[in-house]
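Undergrad: My file is start-v8.txt. It has compact mmCIF, N, CA and C atoms:
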# COMPACT_ATOMS: atom_id res chain seq x y z
N MET A 30 32.16 0.10 20.18
CA MET A 30 31.61 -1.10 19.57
C MET A 30 30.09 -0.97 19.50
N ALA A 31 29.53 -1.24 18.35
CA ALA A 31 28.09 -1.10 18.15
C ALA A 31 27.34 -2.19 18.90
N GLU A 32 26.16 -1.83 19.40
CA GLU A 32 25.32 -2.78 20.11
C GLU A 32 24.77 -3.79 19.11
N GLU A 33 24.82 -5.07 19.47
CA GLU A 33 24.33 -6.12 18.57
C GLU A 33 22.81 -6.05 18.50
N GLN A 34 22.29 -6.16 17.28
CA GLN A 34 20.85 -6.11 17.07
C GLN A 34 20.21 -7.44 17.47
N ARG A 35 18.97 -7.34 17.87
CA ARG A 35 18.19 -8.53 18.19
C ARG A 35 17.98 -9.32 16.91
N ARG A 36 17.98 -10.63 17.03
CA ARG A 36 17.76 -11.52 15.90
C ARG A 36 16.38 -12.17 16.03
N TYR A 37 15.66 -12.18 14.93
CA TYR A 37 14.32 -12.79 14.90
C TYR A 37 14.31 -13.92 13.89
N ARG A 38 13.81 -15.07 14.32
CA ARG A 38 13.60 -16.16 13.38
C ARG A 38 12.39 -15.83 12.52
N ILE A 39 12.24 -16.53 11.42
CA ILE A 39 11.24 -16.16 10.43
C ILE A 39 9.81 -16.14 10.99
N GLY A 40 9.44 -17.09 11.83
CA GLY A 40 8.08 -17.12 12.38
C GLY A 40 7.79 -15.92 13.24
N GLU A 41 8.71 -15.58 14.13
CA GLU A 41 8.55 -14.42 15.00
C GLU A 41 8.56 -13.13 14.19
N PHE A 42 9.46 -13.06 13.24
CA PHE A 42 9.56 -11.88 12.38
C PHE A 42 8.28 -11.68 11.58
N ALA A 43 7.76 -12.78 11.03
CA ALA A 43 6.53 -12.70 10.24
C ALA A 43 5.40 -12.11 11.09
N LYS A 44 5.28 -12.56 12.32
CA LYS A 44 4.23 -12.01 13.20
C LYS A 44 4.46 -10.53 13.47
N LEU A 45 5.70 -10.14 13.68
CA LEU A 45 6.02 -8.74 13.97
C LEU A 45 5.66 -7.81 12.82
N VAL A 46 5.85 -8.28 11.59
CA VAL A 46 5.60 -7.41 10.43
C VAL A 46 4.23 -7.66 9.81
N GLY A 47 3.50 -8.65 10.32
CA GLY A 47 2.15 -8.91 9.84
C GLY A 47 2.08 -9.63 8.50
N LEU A 48 3.08 -10.44 8.22
CA LEU A 48 3.10 -11.22 6.98
C LEU A 48 3.21 -12.71 7.32
N SER A 49 2.85 -13.54 6.37
CA SER A 49 3.06 -14.98 6.55
C SER A 49 4.52 -15.31 6.24
N THR A 50 4.97 -16.44 6.73
CA THR A 50 6.33 -16.87 6.40
C THR A 50 6.45 -17.13 4.90
N TYR A 51 5.37 -17.60 4.30
CA TYR A 51 5.35 -17.82 2.85
C TYR A 51 5.61 -16.50 2.12
N THR A 52 4.91 -15.44 2.54
CA THR A 52 5.08 -14.14 1.88
C THR A 52 6.49 -13.61 2.09
N LEU A 53 7.03 -13.78 3.29
CA LEU A 53 8.41 -13.33 3.52
C LEU A 53 9.39 -14.05 2.59
N ARG A 54 9.22 -15.36 2.45
CA ARG A 54 10.11 -16.10 1.56
C ARG A 54 9.95 -15.62 0.12
N TYR A 55 8.70 -15.35 -0.26
CA TYR A 55 8.45 -14.83 -1.61
C TYR A 55 9.15 -13.49 -1.79
N TYR A 56 9.04 -12.59 -0.79
CA TYR A 56 9.71 -11.30 -0.87
C TYR A 56 11.22 -11.48 -0.98
N GLU A 57 11.75 -12.47 -0.28
CA GLU A 57 13.18 -12.76 -0.40
C GLU A 57 13.52 -13.23 -1.80
N ASP A 58 12.70 -14.15 -2.34
CA ASP A 58 12.94 -14.65 -3.69
C ASP A 58 12.90 -13.52 -4.72
N GLN A 59 12.07 -12.53 -4.47
CA GLN A 59 11.93 -11.39 -5.38
C GLN A 59 13.00 -10.32 -5.14
N GLY A 60 13.80 -10.49 -4.10
CA GLY A 60 14.88 -9.55 -3.82
C GLY A 60 14.44 -8.32 -3.03
N LEU A 61 13.22 -8.34 -2.46
CA LEU A 61 12.74 -7.18 -1.71
C LEU A 61 13.28 -7.15 -0.29
N VAL A 62 13.51 -8.31 0.27
CA VAL A 62 13.98 -8.45 1.65
C VAL A 62 15.15 -9.42 1.61
N LYS A 63 16.13 -9.15 2.46
CA LYS A 63 17.29 -10.04 2.51
C LYS A 63 17.51 -10.45 3.95
N SER A 64 17.31 -11.74 4.21
CA SER A 64 17.58 -12.24 5.55
C SER A 64 19.08 -12.50 5.68
N GLN A 65 19.48 -12.72 6.90
CA GLN A 65 20.86 -13.10 7.15
C GLN A 65 20.85 -14.54 7.66
N ARG A 66 21.99 -15.13 7.76
CA ARG A 66 22.10 -16.51 8.24
C ARG A 66 23.07 -16.54 9.42
N ASP A 67 22.70 -17.33 10.43
CA ASP A 67 23.61 -17.46 11.58
C ASP A 67 24.63 -18.56 11.30
N GLU A 68 25.44 -18.87 12.32
CA GLU A 68 26.51 -19.85 12.15
C GLU A 68 25.99 -21.25 11.83
N ASN A 69 24.68 -21.50 12.12
CA ASN A 69 24.07 -22.79 11.79
C ASN A 69 23.25 -22.72 10.51
N ASP A 70 23.42 -21.65 9.75
CA ASP A 70 22.71 -21.41 8.49
C ASP A 70 21.20 -21.25 8.68
N VAL A 71 20.81 -20.77 9.87
CA VAL A 71 19.39 -20.50 10.14
C VAL A 71 19.11 -19.05 9.79
N ARG A 72 18.05 -18.85 9.03
CA ARG A 72 17.64 -17.51 8.57
C ARG A 72 17.22 -16.67 9.79
N TYR A 73 17.65 -15.39 9.80
CA TYR A 73 17.18 -14.47 10.83
C TYR A 73 17.06 -13.06 10.27
N TYR A 74 16.31 -12.25 11.00
CA TYR A 74 16.07 -10.85 10.64
C TYR A 74 16.38 -9.98 11.85
N THR A 75 16.53 -8.67 11.60
CA THR A 75 16.86 -7.73 12.67
C THR A 75 15.81 -6.62 12.75
N ASP A 76 15.98 -5.74 13.73
CA ASP A 76 15.08 -4.59 13.87
C ASP A 76 15.13 -3.70 12.63
N GLU A 77 16.29 -3.59 12.02
CA GLU A 77 16.42 -2.82 10.78
C GLU A 77 15.54 -3.42 9.68
N ASP A 78 15.47 -4.74 9.65
CA ASP A 78 14.62 -5.42 8.67
C ASP A 78 13.14 -5.14 8.93
N ILE A 79 12.77 -5.00 10.20
CA ILE A 79 11.38 -4.66 10.54
C ILE A 79 11.02 -3.31 9.92
N ARG A 80 11.91 -2.34 10.08
CA ARG A 80 11.66 -1.01 9.51
C ARG A 80 11.61 -1.06 7.99
N TRP A 81 12.51 -1.84 7.39
CA TRP A 81 12.54 -1.94 5.94
C TRP A 81 11.27 -2.58 5.40
N VAL A 82 10.83 -3.68 6.00
CA VAL A 82 9.61 -4.33 5.54
C VAL A 82 8.42 -3.39 5.73
N GLY A 83 8.41 -2.65 6.82
CA GLY A 83 7.35 -1.66 7.03
C GLY A 83 7.29 -0.66 5.89
N PHE A 84 8.44 -0.19 5.46
CA PHE A 84 8.48 0.77 4.35
C PHE A 84 8.03 0.12 3.05
N ILE A 85 8.48 -1.10 2.80
CA ILE A 85 8.07 -1.83 1.60
C ILE A 85 6.54 -1.97 1.59
N LEU A 86 5.96 -2.27 2.75
CA LEU A 86 4.51 -2.43 2.82
C LEU A 86 3.79 -1.10 2.59
N HIS A 87 4.40 0.00 3.02
CA HIS A 87 3.82 1.32 2.71
C HIS A 87 3.83 1.56 1.20
N LEU A 88 4.94 1.26 0.56
CA LEU A 88 5.03 1.43 -0.89
C LEU A 88 4.00 0.55 -1.59
N LYS A 89 3.93 -0.69 -1.17
CA LYS A 89 2.97 -1.63 -1.76
C LYS A 89 1.54 -1.13 -1.52
N GLY A 90 1.28 -0.60 -0.33
CA GLY A 90 -0.04 -0.11 0.01
C GLY A 90 -0.47 1.10 -0.80
N THR A 91 0.49 1.84 -1.32
CA THR A 91 0.15 2.99 -2.16
C THR A 91 -0.02 2.59 -3.62
N GLY A 92 0.17 1.31 -3.90
CA GLY A 92 -0.05 0.83 -5.26
C GLY A 92 1.21 0.62 -6.07
N MET A 93 2.38 0.75 -5.47
CA MET A 93 3.60 0.52 -6.23
C MET A 93 3.64 -0.95 -6.65
N ARG A 94 3.91 -1.16 -7.91
CA ARG A 94 3.92 -2.52 -8.47
C ARG A 94 5.21 -3.24 -8.10
N LEU A 95 5.14 -4.58 -8.17
CA LEU A 95 6.27 -5.41 -7.78
C LEU A 95 7.54 -5.06 -8.56
N ASN A 96 7.43 -4.87 -9.87
CA ASN A 96 8.62 -4.54 -10.65
C ASN A 96 9.23 -3.22 -10.21
N ASP A 97 8.38 -2.25 -9.86
CA ASP A 97 8.89 -0.97 -9.37
C ASP A 97 9.51 -1.12 -7.99
N LEU A 98 8.91 -1.95 -7.15
CA LEU A 98 9.49 -2.22 -5.83
C LEU A 98 10.88 -2.83 -5.98
N LYS A 99 11.01 -3.78 -6.89
CA LYS A 99 12.30 -4.43 -7.12
C LYS A 99 13.32 -3.42 -7.63
N ARG A 100 12.89 -2.56 -8.52
CA ARG A 100 13.79 -1.53 -9.05
C ARG A 100 14.22 -0.58 -7.93
N TYR A 101 13.28 -0.18 -7.08
CA TYR A 101 13.59 0.70 -5.97
C TYR A 101 14.63 0.04 -5.05
N VAL A 102 14.45 -1.24 -4.76
CA VAL A 102 15.38 -1.96 -3.89
C VAL A 102 16.78 -1.99 -4.52
N ARG A 103 16.83 -2.26 -5.82
CA ARG A 103 18.14 -2.27 -6.51
C ARG A 103 18.81 -0.90 -6.44
N LEU A 104 18.02 0.14 -6.67
CA LEU A 104 18.58 1.50 -6.62
C LEU A 104 19.08 1.83 -5.21
N ARG A 105 18.31 1.46 -4.21
CA ARG A 105 18.70 1.71 -2.81
C ARG A 105 20.03 1.03 -2.52
N ALA A 106 20.17 -0.20 -2.99
CA ALA A 106 21.40 -0.95 -2.76
C ALA A 106 22.59 -0.31 -3.47
N ALA A 107 22.32 0.43 -4.54
CA ALA A 107 23.39 1.07 -5.29
C ALA A 107 23.94 2.32 -4.60
N GLY A 108 23.22 2.82 -3.60
CA GLY A 108 23.75 3.93 -2.81
C GLY A 108 23.13 5.29 -3.11
N ASP A 109 23.70 6.29 -2.47
CA ASP A 109 23.15 7.64 -2.50
C ASP A 109 23.15 8.30 -3.88
N ALA A 110 23.96 7.82 -4.79
CA ALA A 110 23.97 8.40 -6.14
C ALA A 110 22.61 8.21 -6.83
N THR A 111 21.81 7.27 -6.32
CA THR A 111 20.50 6.98 -6.93
C THR A 111 19.35 7.72 -6.23
N ILE A 112 19.66 8.56 -5.28
CA ILE A 112 18.60 9.27 -4.55
C ILE A 112 17.68 10.04 -5.50
N PRO A 113 18.18 10.80 -6.47
CA PRO A 113 17.25 11.51 -7.37
C PRO A 113 16.27 10.57 -8.09
N GLU A 114 16.77 9.44 -8.53
CA GLU A 114 15.90 8.48 -9.23
C GLU A 114 14.88 7.86 -8.26
N ARG A 115 15.33 7.54 -7.06
CA ARG A 115 14.41 6.98 -6.06
C ARG A 115 13.36 8.01 -5.68
N ARG A 116 13.79 9.26 -5.53
CA ARG A 116 12.84 10.32 -5.19
C ARG A 116 11.79 10.46 -6.28
N ALA A 117 12.22 10.40 -7.53
CA ALA A 117 11.28 10.50 -8.66
C ALA A 117 10.28 9.34 -8.64
N MET A 118 10.76 8.16 -8.32
CA MET A 118 9.86 7.00 -8.22
C MET A 118 8.82 7.21 -7.13
N LEU A 119 9.27 7.70 -5.98
CA LEU A 119 8.35 7.93 -4.87
C LEU A 119 7.35 9.03 -5.22
N GLN A 120 7.81 10.07 -5.90
CA GLN A 120 6.91 11.16 -6.30
C GLN A 120 5.84 10.64 -7.25
N LYS A 121 6.24 9.81 -8.21
CA LYS A 121 5.27 9.24 -9.15
C LYS A 121 4.26 8.36 -8.41
N THR A 122 4.74 7.55 -7.49
CA THR A 122 3.84 6.70 -6.70
C THR A 122 2.87 7.54 -5.90
N LYS A 123 3.37 8.62 -5.31
CA LYS A 123 2.51 9.52 -4.53
C LYS A 123 1.47 10.17 -5.44
N ASP A 124 1.91 10.67 -6.59
CA ASP A 124 0.98 11.31 -7.53
C ASP A 124 -0.10 10.33 -7.99
N ASP A 125 0.31 9.10 -8.31
CA ASP A 125 -0.65 8.08 -8.75
C ASP A 125 -1.65 7.75 -7.64
N ALA A 126 -1.15 7.63 -6.41
CA ALA A 126 -2.03 7.32 -5.28
C ALA A 126 -3.02 8.45 -5.04
N GLU A 127 -2.56 9.70 -5.16
CA GLU A 127 -3.47 10.84 -4.97
C GLU A 127 -4.54 10.87 -6.06
N ALA A 128 -4.17 10.51 -7.29
CA ALA A 128 -5.15 10.44 -8.38
C ALA A 128 -6.16 9.33 -8.12
N ASP A 129 -5.68 8.19 -7.62
CA ASP A 129 -6.58 7.09 -7.27
C ASP A 129 -7.55 7.50 -6.17
N ILE A 130 -7.05 8.22 -5.17
CA ILE A 130 -7.89 8.68 -4.07
C ILE A 130 -8.96 9.64 -4.59
N ALA A 131 -8.58 10.57 -5.45
CA ALA A 131 -9.54 11.53 -6.02
C ALA A 131 -10.63 10.80 -6.80
N GLU A 132 -10.24 9.80 -7.57
CA GLU A 132 -11.22 9.03 -8.34
C GLU A 132 -12.15 8.26 -7.40
N LEU A 133 -11.59 7.66 -6.37
CA LEU A 133 -12.40 6.93 -5.39
C LEU A 133 -13.37 7.87 -4.67
N GLN A 134 -12.91 9.07 -4.33
CA GLN A 134 -13.79 10.04 -3.67
C GLN A 134 -14.96 10.41 -4.58
N MET A 135 -14.70 10.54 -5.87
CA MET A 135 -15.77 10.85 -6.82
C MET A 135 -16.78 9.70 -6.85
N HIS A 136 -16.30 8.46 -6.89
CA HIS A 136 -17.19 7.31 -6.90
C HIS A 136 -18.01 7.24 -5.61
N LEU A 137 -17.37 7.53 -4.49
CA LEU A 137 -18.08 7.52 -3.20
C LEU A 137 -19.15 8.60 -3.16
N GLN A 138 -18.87 9.74 -3.77
CA GLN A 138 -19.85 10.82 -3.81
C GLN A 138 -21.10 10.37 -4.59
N VAL A 139 -20.89 9.69 -5.71
CA VAL A 139 -22.02 9.18 -6.49
C VAL A 139 -22.80 8.15 -5.68
N LEU A 140 -22.09 7.26 -5.00
CA LEU A 140 -22.78 6.28 -4.16
C LEU A 140 -23.60 6.96 -3.07
N GLY A 141 -23.01 7.96 -2.45
CA GLY A 141 -23.73 8.71 -1.41
C GLY A 141 -24.98 9.37 -1.96
N ARG A 142 -24.88 9.93 -3.15
CA ARG A 142 -26.04 10.56 -3.78
C ARG A 142 -27.12 9.52 -4.10
N LYS A 143 -26.70 8.35 -4.54
CA LYS A 143 -27.66 7.28 -4.85
C LYS A 143 -28.37 6.83 -3.57
N ILE A 144 -27.62 6.70 -2.48
CA ILE A 144 -28.22 6.34 -1.19
C ILE A 144 -29.21 7.41 -0.76
N ASP A 145 -28.81 8.68 -0.90
CA ASP A 145 -29.72 9.78 -0.55
C ASP A 145 -30.98 9.74 -1.41
N TRP A 146 -30.82 9.43 -2.69
CA TRP A 146 -31.95 9.33 -3.60
C TRP A 146 -32.90 8.22 -3.15
N TYR A 147 -32.32 7.05 -2.80
CA TYR A 147 -33.15 5.96 -2.28
C TYR A 147 -33.89 6.38 -1.02
N ASP A 148 -33.16 7.05 -0.11
CA ASP A 148 -33.80 7.52 1.13
C ASP A 148 -34.95 8.47 0.81
N GLY A 149 -34.73 9.36 -0.16
CA GLY A 149 -35.78 10.30 -0.56
C GLY A 149 -36.98 9.59 -1.14
N LYS A 150 -36.73 8.54 -1.89
CA LYS A 150 -37.83 7.75 -2.47
C LYS A 150 -38.62 7.06 -1.35
N VAL A 151 -37.91 6.44 -0.41
CA VAL A 151 -38.58 5.73 0.69
C VAL A 151 -39.33 6.70 1.59
N GLU A 152 -38.74 7.87 1.85
CA GLU A 152 -39.35 8.86 2.74
C GLU A 152 -40.32 9.79 2.01
N HIS A 153 -40.48 9.60 0.72
CA HIS A 153 -41.38 10.39 -0.12
C HIS A 153 -41.03 11.88 -0.13
N THR A 154 -39.72 12.18 -0.01
CA THR A 154 -39.27 13.57 -0.14
C THR A 154 -38.78 13.85 -1.57
N ILE A 155 -38.74 12.79 -2.37
CA ILE A 155 -38.41 12.90 -3.78
C ILE A 155 -39.59 12.31 -4.54
N ALA A 156 -40.03 13.02 -5.55
CA ALA A 156 -41.20 12.57 -6.33
C ALA A 156 -40.93 11.20 -6.94
N ASP A 157 -41.96 10.38 -6.97
CA ASP A 157 -41.85 9.04 -7.57
C ASP A 157 -41.37 9.12 -9.01
N SER A 158 -41.73 10.20 -9.68
CA SER A 158 -41.39 10.32 -11.10
C SER A 158 -39.96 10.80 -11.34
N GLU A 159 -39.27 11.29 -10.30
CA GLU A 159 -37.92 11.83 -10.48
C GLU A 159 -36.89 10.70 -10.58
N SER A 160 -36.17 10.68 -11.68
CA SER A 160 -35.14 9.66 -11.89
C SER A 160 -33.87 10.05 -11.14
N PHE A 161 -32.99 9.09 -10.99
CA PHE A 161 -31.71 9.37 -10.35
C PHE A 161 -30.93 10.40 -11.16
N GLN A 162 -31.00 10.29 -12.47
CA GLN A 162 -30.30 11.24 -13.35
C GLN A 162 -30.82 12.66 -13.12
N GLU A 163 -32.13 12.80 -12.99
CA GLU A 163 -32.72 14.13 -12.72
C GLU A 163 -32.27 14.63 -11.35
N TYR A 164 -32.24 13.72 -10.38
CA TYR A 164 -31.80 14.08 -9.03
C TYR A 164 -30.35 14.58 -9.06
N LEU A 165 -29.48 13.87 -9.79
CA LEU A 165 -28.07 14.31 -9.91
C LEU A 165 -27.95 15.66 -10.57
N GLN A 166 -28.83 15.94 -11.51
CA GLN A 166 -28.79 17.21 -12.22
C GLN A 166 -28.94 18.39 -11.27
N ARG A 167 -29.68 18.19 -10.18
CA ARG A 167 -29.81 19.26 -9.16
C ARG A 167 -28.46 19.72 -8.66
N PHE A 168 -27.54 18.77 -8.47
CA PHE A 168 -26.21 19.08 -7.93
C PHE A 168 -25.31 19.68 -9.01
N ASN A 169 -25.53 19.27 -10.23
CA ASN A 169 -24.71 19.78 -11.34
C ASN A 169 -25.08 21.21 -11.69
N ASP A 170 -26.32 21.61 -11.38
CA ASP A 170 -26.78 22.97 -11.69
C ASP A 170 -26.27 24.01 -10.71
N LYS A 171 -25.74 23.55 -9.58
CA LYS A 171 -25.28 24.49 -8.54
C LYS A 171 -23.94 25.09 -8.86
Take the structure in this file and express it as structure tokens.
TA:
Amino acid sequence: MAEEQRRYRIGEFAKLVGLSTYTLRYYEDQGLVKSQRDENDVRYYTDEDIRWVGFILHLKGTGMRLNDLKRYVRLRAAGDATIPERRAMLQKTKDDAEADIAELQMHLQVLGRKIDWYDGKVEHTIADSESFQEYLQRFNDK
């Protein structure tokens, strides 16, 4: 006989997963999370739900859109025959996130160079006449 899972009411569950009860209800309305009901029709969640919400939050954190999250949940519910499609969705999300990271790193590099340029201006290690564009050209010539 399987060990019975712990049951969490919505307030306790919300704290455990770091979401508001409002957000949990919204996720339920959108079909991302499915609570269960006890004999008194009180909503509850289990440890398995904690892991599932954690994964949903990882997907959301990588930029997966709500419609794609909903599609992923539907595919998961359909069973193992959908693994190739789910894998493809995850690969696309990963590729998109890596592209976003690369773009952000490029923007951060420009910001860092601008800060260095300001420091050089304040410390007089960069000529007053040198523009930021000229300063950047030094790095492009390397």
Undergrad: When you draw a straight line from CA of Met118 in chain A to CA of Asp76 in chain A, how long is it in Å?
TA: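 CA of Asp76 in chain A lies at a distance of 25.5 Å from CA of Met118 in chain A.
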Undergrad: Going by DSSP on the backbone, which bits of range 40-144 of chain A are strand (DSSP E)? Write them as a ChimeraX atom specification, please.
TA: /A:65-66,72-73
Undergrad: Which residue gives the smallest distance to Val82 in chain A among A:Arg103, A:Arg35, A:His136, A:Lys63, with only C-alpha atoms counted?
TA: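 Looking at the shortest contact to Val82 in chain A, the residue is A:Lys63.
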Undergrad: Provide an axis-aligned box for all listed atoms of range 43-47 of chain A, padding each side by 8 Å; report its centre and its edge lengths in Å to one decimal, as JSON.
TA:
{"center_x": 4.9, "center_y": -10.1, "center_z": 11.2, "size_x": 21.7, "size_y": 21.4, "size_z": 21.5}
Undergrad: From the list A:Arg100, A:Lys121, A:Arg115, A:Arg72, which residue is nearest Arg36 in chain A when using only C-alpha atoms?
TA: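 When distances to Arg36 in chain A are compared using only C-alpha atoms, the smallest one comes from A:Arg72.
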Undergrad: List every protein, DNA or RNA residue that has an atom no more than 12 Å from (9.5, 2.6, -1.0) in the file's coordinate frame, counting only C-alpha atoms, and report them as JSON, numbers by chain.
TA: {"A": [61, 80, 81, 82, 83, 84, 85, 86, 87, 88, 89, 90, 91, 92, 93, 94, 95, 97, 98, 99, 100, 101, 102, 103, 104, 105, 112, 114, 115, 116, 117, 118, 119, 120, 121, 122, 123]}
Undergrad: Could you tell me how far CA of Arg142 in chain A sits from CA of Asp129 in chain A, in Å to one decimal place?
TA: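 So the answer is 20.1 Å.
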